[in-house]
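With mmCIF, C-alpha atoms inside, this is entry-v6.cif:
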data_entry
loop_
_atom_site.group_PDB
_atom_site.id
_atom_site.type_symbol
_atom_site.label_atom_id
_atom_site.label_comp_id
_atom_site.auth_asym_id
_atom_site.auth_seq_id
_atom_site.Cartn_x
_atom_site.Cartn_y
_atom_site.Cartn_z
ATOM 1 C CA MET K 1 31.719 48.937 37.678
ATOM 2 C CA ASP K 2 32.707 51.029 40.702
ATOM 3 C CA LEU K 3 35.820 50.335 42.810
ATOM 4 C CA LEU K 4 33.924 48.829 45.752
ATOM 5 C CA THR K 5 31.979 46.416 43.564
ATOM 6 C CA GLU K 6 35.116 45.401 41.664
ATOM 7 C CA SER K 7 37.058 44.979 44.929
ATOM 8 C CA LYS K 8 34.323 42.784 46.435
ATOM 9 C CA LYS K 9 34.254 40.673 43.272
ATOM 10 C CA ARG K 10 38.024 40.157 43.424
ATOM 11 C CA ALA K 11 37.928 39.407 47.164
ATOM 12 C CA GLU K 12 35.182 36.805 46.632
ATOM 13 C CA ALA K 13 37.296 35.169 43.928
ATOM 14 C CA TRP K 14 40.162 34.868 46.409
ATOM 15 C CA LEU K 15 37.770 33.404 49.012
ATOM 16 C CA ASN K 16 36.528 30.801 46.540
ATOM 17 C CA SER K 17 40.026 29.816 45.415
ATOM 18 C CA SER K 18 41.409 26.487 46.574
ATOM 19 C CA VAL K 19 44.918 27.987 46.404
ATOM 20 C CA ILE K 20 44.451 30.697 49.069
ATOM 21 C CA ASP K 21 45.263 29.577 52.630
ATOM 22 C CA ASP K 22 42.751 29.742 55.514
ATOM 23 C CA SER K 23 44.551 32.542 57.341
ATOM 24 C CA SER K 24 44.407 34.758 54.261
ATOM 25 C CA LYS K 25 40.742 33.880 53.759
ATOM 26 C CA GLN K 26 40.016 34.895 57.348
ATOM 27 C CA SER K 27 41.687 38.269 56.704
ATOM 28 C CA ILE K 28 39.614 38.698 53.537
ATOM 29 C CA ARG K 29 36.386 37.967 55.424
ATOM 30 C CA LYS K 30 37.303 40.647 57.968
ATOM 31 C CA LEU K 31 37.847 43.148 55.156
ATOM 32 C CA LEU K 32 34.479 42.254 53.606
ATOM 33 C CA GLU K 33 32.639 42.541 56.946
ATOM 34 C CA ALA K 34 34.237 45.835 58.014
ATOM 35 C CA THR K 35 32.169 49.013 57.945
ATOM 36 C CA ASP K 36 35.075 50.955 56.426
ATOM 37 C CA SER K 37 35.449 49.785 52.822
ATOM 38 C CA LYS K 38 38.719 51.661 52.145
ATOM 39 C CA PRO K 39 41.041 48.815 53.285
ATOM 40 C CA LEU K 40 39.098 46.350 51.102
ATOM 41 C CA ILE K 41 39.330 48.646 48.093
ATOM 42 C CA ASP K 42 43.036 49.326 48.702
ATOM 43 C CA SER K 43 43.727 45.583 48.887
ATOM 44 C CA PHE K 44 41.705 44.402 45.892
ATOM 45 C CA TYR K 45 40.855 47.189 43.432
ATOM 46 C CA LYS K 46 43.612 46.163 40.996
ATOM 47 C CA ASP K 47 46.490 43.751 40.497
ATOM 48 C CA LEU K 48 49.836 44.846 41.888
ATOM 49 C CA GLU K 49 51.957 46.167 39.033
ATOM 50 C CA PHE K 50 55.584 45.424 38.291
ATOM 51 C CA GLY K 51 57.257 48.765 37.609
ATOM 52 C CA THR K 52 60.724 50.147 37.043
ATOM 53 C CA GLY K 53 61.446 49.776 40.758
ATOM 54 C CA GLY K 54 60.258 46.180 40.801
ATOM 55 C CA LEU K 55 57.214 44.976 42.699
ATOM 56 C CA ARG K 56 56.334 47.461 45.424
ATOM 57 C CA GLY K 57 53.338 47.716 47.684
ATOM 58 C CA VAL K 58 51.941 47.318 51.157
ATOM 59 C CA MET K 59 52.349 43.863 52.677
ATOM 60 C CA GLY K 60 48.996 42.219 53.241
ATOM 61 C CA VAL K 61 46.243 40.112 51.730
ATOM 62 C CA GLY K 62 44.854 41.025 48.327
ATOM 63 C CA SER K 63 45.718 41.397 44.681
ATOM 64 C CA ASN K 64 47.144 44.901 45.219
ATOM 65 C CA CYS K 65 49.413 43.913 48.131
ATOM 66 C CA ILE K 66 52.736 42.168 48.553
ATOM 67 C CA ASN K 67 52.041 38.591 49.620
ATOM 68 C CA LYS K 68 53.057 35.075 48.633
ATOM 69 C CA TYR K 69 50.393 34.943 45.922
ATOM 70 C CA THR K 70 51.280 38.191 44.144
ATOM 71 C CA ILE K 71 55.016 37.436 44.423
ATOM 72 C CA GLY K 72 54.365 33.949 43.049
ATOM 73 C CA ALA K 73 52.342 35.276 40.116
ATOM 74 C CA ALA K 74 54.981 37.901 39.266
ATOM 75 C CA THR K 75 57.771 35.332 39.527
ATOM 76 C CA GLN K 76 55.921 32.895 37.273
ATOM 77 C CA GLY K 77 55.181 35.633 34.757
ATOM 78 C CA LEU K 78 58.805 36.751 34.639
ATOM 79 C CA SER K 79 59.966 33.138 34.327
ATOM 80 C CA ASN K 80 57.583 32.522 31.434
ATOM 81 C CA TYR K 81 58.757 35.696 29.694
ATOM 82 C CA LEU K 82 62.473 34.902 30.116
ATOM 83 C CA LYS K 83 62.011 31.289 29.086
ATOM 84 C CA ASN K 84 60.226 32.357 25.910
ATOM 85 C CA LEU K 85 62.747 35.098 25.156
ATOM 86 C CA LEU K 86 65.903 33.100 25.809
ATOM 87 C CA LEU K 87 64.953 29.614 24.714
ATOM 88 C CA VAL K 88 62.507 30.270 21.899
ATOM 89 C CA LYS K 89 63.402 33.646 20.388
ATOM 90 C CA LEU K 90 67.144 33.934 21.054
ATOM 91 C CA ARG K 91 67.912 30.203 21.399
ATOM 92 C CA LEU K 92 70.221 30.824 24.351
ATOM 93 C CA PRO K 93 70.753 28.613 27.405
ATOM 94 C CA LEU K 94 68.965 29.614 30.589
ATOM 95 C CA ARG K 95 70.968 31.131 33.470
ATOM 96 C CA MET K 96 69.585 32.158 36.839
ATOM 97 C CA ILE K 97 70.411 34.966 39.252
ATOM 98 C CA VAL K 98 68.748 35.025 42.661
ATOM 99 C CA VAL K 99 68.605 38.085 44.891
ATOM 100 C CA ILE K 100 67.176 37.749 48.385
ATOM 101 C CA THR K 101 66.325 40.525 50.810
ATOM 102 C CA ALA K 102 65.945 39.810 54.502
ATOM 103 C CA LYS K 103 63.462 42.641 55.106
ATOM 104 C CA ASN K 104 60.322 41.243 56.744
ATOM 105 C CA TRP K 105 61.583 37.682 56.293
ATOM 106 C CA ARG K 106 59.757 36.445 59.397
ATOM 107 C CA ARG K 107 56.337 37.246 57.913
#

Can the structure in the file be given as structure tokens, please?
Amino acid sequence: MDLLTESKKRAEAWLNSSVIDDSSKQSIRKLLEATDSKPLIDSFYKDLEFGTGGLRGVMGVGSNCINKYTIGAATQGLSNYLKNLLLVKLRLPLRMIVVITAKNWRR
């Protein structure tokens, strides 16, 4: 499957999700209706990856962008991993460290 087809498929899945808010859905519709497909492809061609520098990407709508949905998914995934590692494998109590950055906090 080519990148455009895959990106459209992912964007449609976001549109059909009951979890995605209306404002984000409106932005997705604009991407789908645009004559330039590059922004759609950039936003949806893959899932944002957690690398050695953490989760990095352009802020915006889509599975390859920083937004409340990709941050939520990464946070849940990390929580599941740590819970399994600490509680199940190592049998250690859970401890939490929270780091907050104020960059772009108004968005």

Run the PyMOL selection byres ((chain K and resi 6-21) around 9) on the file and write out the hits as a list in words.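 On this input, the PyMOL selection byres ((chain K and resi 6-21) around 9) captures Met1, Asp2, Leu3, Leu4, Thr5, Asp22, Ser23, Ser24, Lys25, Gln26, Ile28, Arg29, Leu31, Leu32, Leu40, Ile41, Asp42, Ser43, Phe44, Tyr45, Lys46, Gly62, Ser63 and Tyr69 of chain K.
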
Would you save the residues of that selection, restricted to C-alpha atoms, as a short mmCIF file (atom, residue, chain, number, x, y, z; two decimals), keeping the file's coordinate frame?
data_model
loop_
_atom_site.label_atom_id
_atom_site.label_comp_id
_atom_site.auth_asym_id
_atom_site.auth_seq_id
_atom_site.Cartn_x
_atom_site.Cartn_y
_atom_site.Cartn_z
CA MET K 1 31.72 48.94 37.68
CA ASP K 2 32.71 51.03 40.70
CA LEU K 3 35.82 50.34 42.81
CA LEU K 4 33.92 48.83 45.75
CA THR K 5 31.98 46.42 43.56
CA ASP K 22 42.75 29.74 55.51
CA SER K 23 44.55 32.54 57.34
CA SER K 24 44.41 34.76 54.26
CA LYS K 25 40.74 33.88 53.76
CA GLN K 26 40.02 34.90 57.35
CA ILE K 28 39.61 38.70 53.54
CA ARG K 29 36.39 37.97 55.42
CA LEU K 31 37.85 43.15 55.16
CA LEU K 32 34.48 42.25 53.61
CA LEU K 40 39.10 46.35 51.10
CA ILE K 41 39.33 48.65 48.09
CA ASP K 42 43.04 49.33 48.70
CA SER K 43 43.73 45.58 48.89
CA PHE K 44 41.70 44.40 45.89
CA TYR K 45 40.85 47.19 43.43
CA LYS K 46 43.61 46.16 41.00
CA GLY K 62 44.85 41.02 48.33
CA SER K 63 45.72 41.40 44.68
CA TYR K 69 50.39 34.94 45.92
#

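Omitting Asn67 in chain K and its sequence neighbours fewer than 2 positions away, and counting all atoms listed in the file, the residues within 12 Å are Ile20, Asp21, Ser24, Ser43, Asp47, Leu48, Leu55, Arg56, Gly57, Val58, Met59, Gly60, Val61, Gly62, Ser63, Asn64, Cys65, Tyr69, Thr70, Ile71, Gly72, Ala73, Ala74, Asn104, Trp105 and Arg107 of chain K.
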
Please write the residues from the selection above to a file, keeping C-alpha atoms, as a CSV table (one decimal), keeping the file's coordinate frame.
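Resulting contents of selection_16.csv:
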chain,number,residue,atom,x,y,z
K,20,ILE,CA,44.5,30.7,49.1
K,21,ASP,CA,45.3,29.6,52.6
K,24,SER,CA,44.4,34.8,54.3
K,43,SER,CA,43.7,45.6,48.9
K,47,ASP,CA,46.5,43.8,40.5
K,48,LEU,CA,49.8,44.8,41.9
K,55,LEU,CA,57.2,45.0,42.7
K,56,ARG,CA,56.3,47.5,45.4
K,57,GLY,CA,53.3,47.7,47.7
K,58,VAL,CA,51.9,47.3,51.2
K,59,MET,CA,52.3,43.9,52.7
K,60,GLY,CA,49.0,42.2,53.2
K,61,VAL,CA,46.2,40.1,51.7
K,62,GLY,CA,44.9,41.0,48.3
K,63,SER,CA,45.7,41.4,44.7
K,64,ASN,CA,47.1,44.9,45.2
K,65,CYS,CA,49.4,43.9,48.1
K,69,TYR,CA,50.4,34.9,45.9
K,70,THR,CA,51.3,38.2,44.1
K,71,ILE,CA,55.0,37.4,44.4
K,72,GLY,CA,54.4,33.9,43.0
K,73,ALA,CA,52.3,35.3,40.1
K,74,ALA,CA,55.0,37.9,39.3
K,104,ASN,CA,60.3,41.2,56.7
K,105,TRP,CA,61.6,37.7,56.3
K,107,ARG,CA,56.3,37.2,57.9

Expand the PyMOL selection byres ((chain K and resi 75-85) around 12) into the explicit residue set it covers here, and present it as a PyMOL selection string. chain K and resi 49-50+54-55+68-74+86-98

So that I have them on file, write out the residues from the current selection with C-alpha atoms, as a JSON list (two decimals), keeping the file's coordinate frame.
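Wrote selection29.json, looks like this:
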[["chain", "number", "residue", "atom", "x", "y", "z"],
["K", 49, "GLU", "CA", 51.96, 46.17, 39.03],
["K", 50, "PHE", "CA", 55.58, 45.42, 38.29],
["K", 54, "GLY", "CA", 60.26, 46.18, 40.80],
["K", 55, "LEU", "CA", 57.21, 44.98, 42.70],
["K", 68, "LYS", "CA", 53.06, 35.08, 48.63],
["K", 69, "TYR", "CA", 50.39, 34.94, 45.92],
["K", 70, "THR", "CA", 51.28, 38.19, 44.14],
["K", 71, "ILE", "CA", 55.02, 37.44, 44.42],
["K", 72, "GLY", "CA", 54.36, 33.95, 43.05],
["K", 73, "ALA", "CA", 52.34, 35.28, 40.12],
["K", 74, "ALA", "CA", 54.98, 37.90, 39.27],
["K", 86, "LEU", "CA", 65.90, 33.10, 25.81],
["K", 87, "LEU", "CA", 64.95, 29.61, 24.71],
["K", 88, "VAL", "CA", 62.51, 30.27, 21.90],
["K", 89, "LYS", "CA", 63.40, 33.65, 20.39],
["K", 90, "LEU", "CA", 67.14, 33.93, 21.05],
["K", 91, "ARG", "CA", 67.91, 30.20, 21.40],
["K", 92, "LEU", "CA", 70.22, 30.82, 24.35],
["K", 93, "PRO", "CA", 70.75, 28.61, 27.40],
["K", 94, "LEU", "CA", 68.96, 29.61, 30.59],
["K", 95, "ARG", "CA", 70.97, 31.13, 33.47],
["K", 96, "MET", "CA", 69.58, 32.16, 36.84],
["K", 97, "ILE", "CA", 70.41, 34.97, 39.25],
["K", 98, "VAL", "CA", 68.75, 35.02, 42.66]]
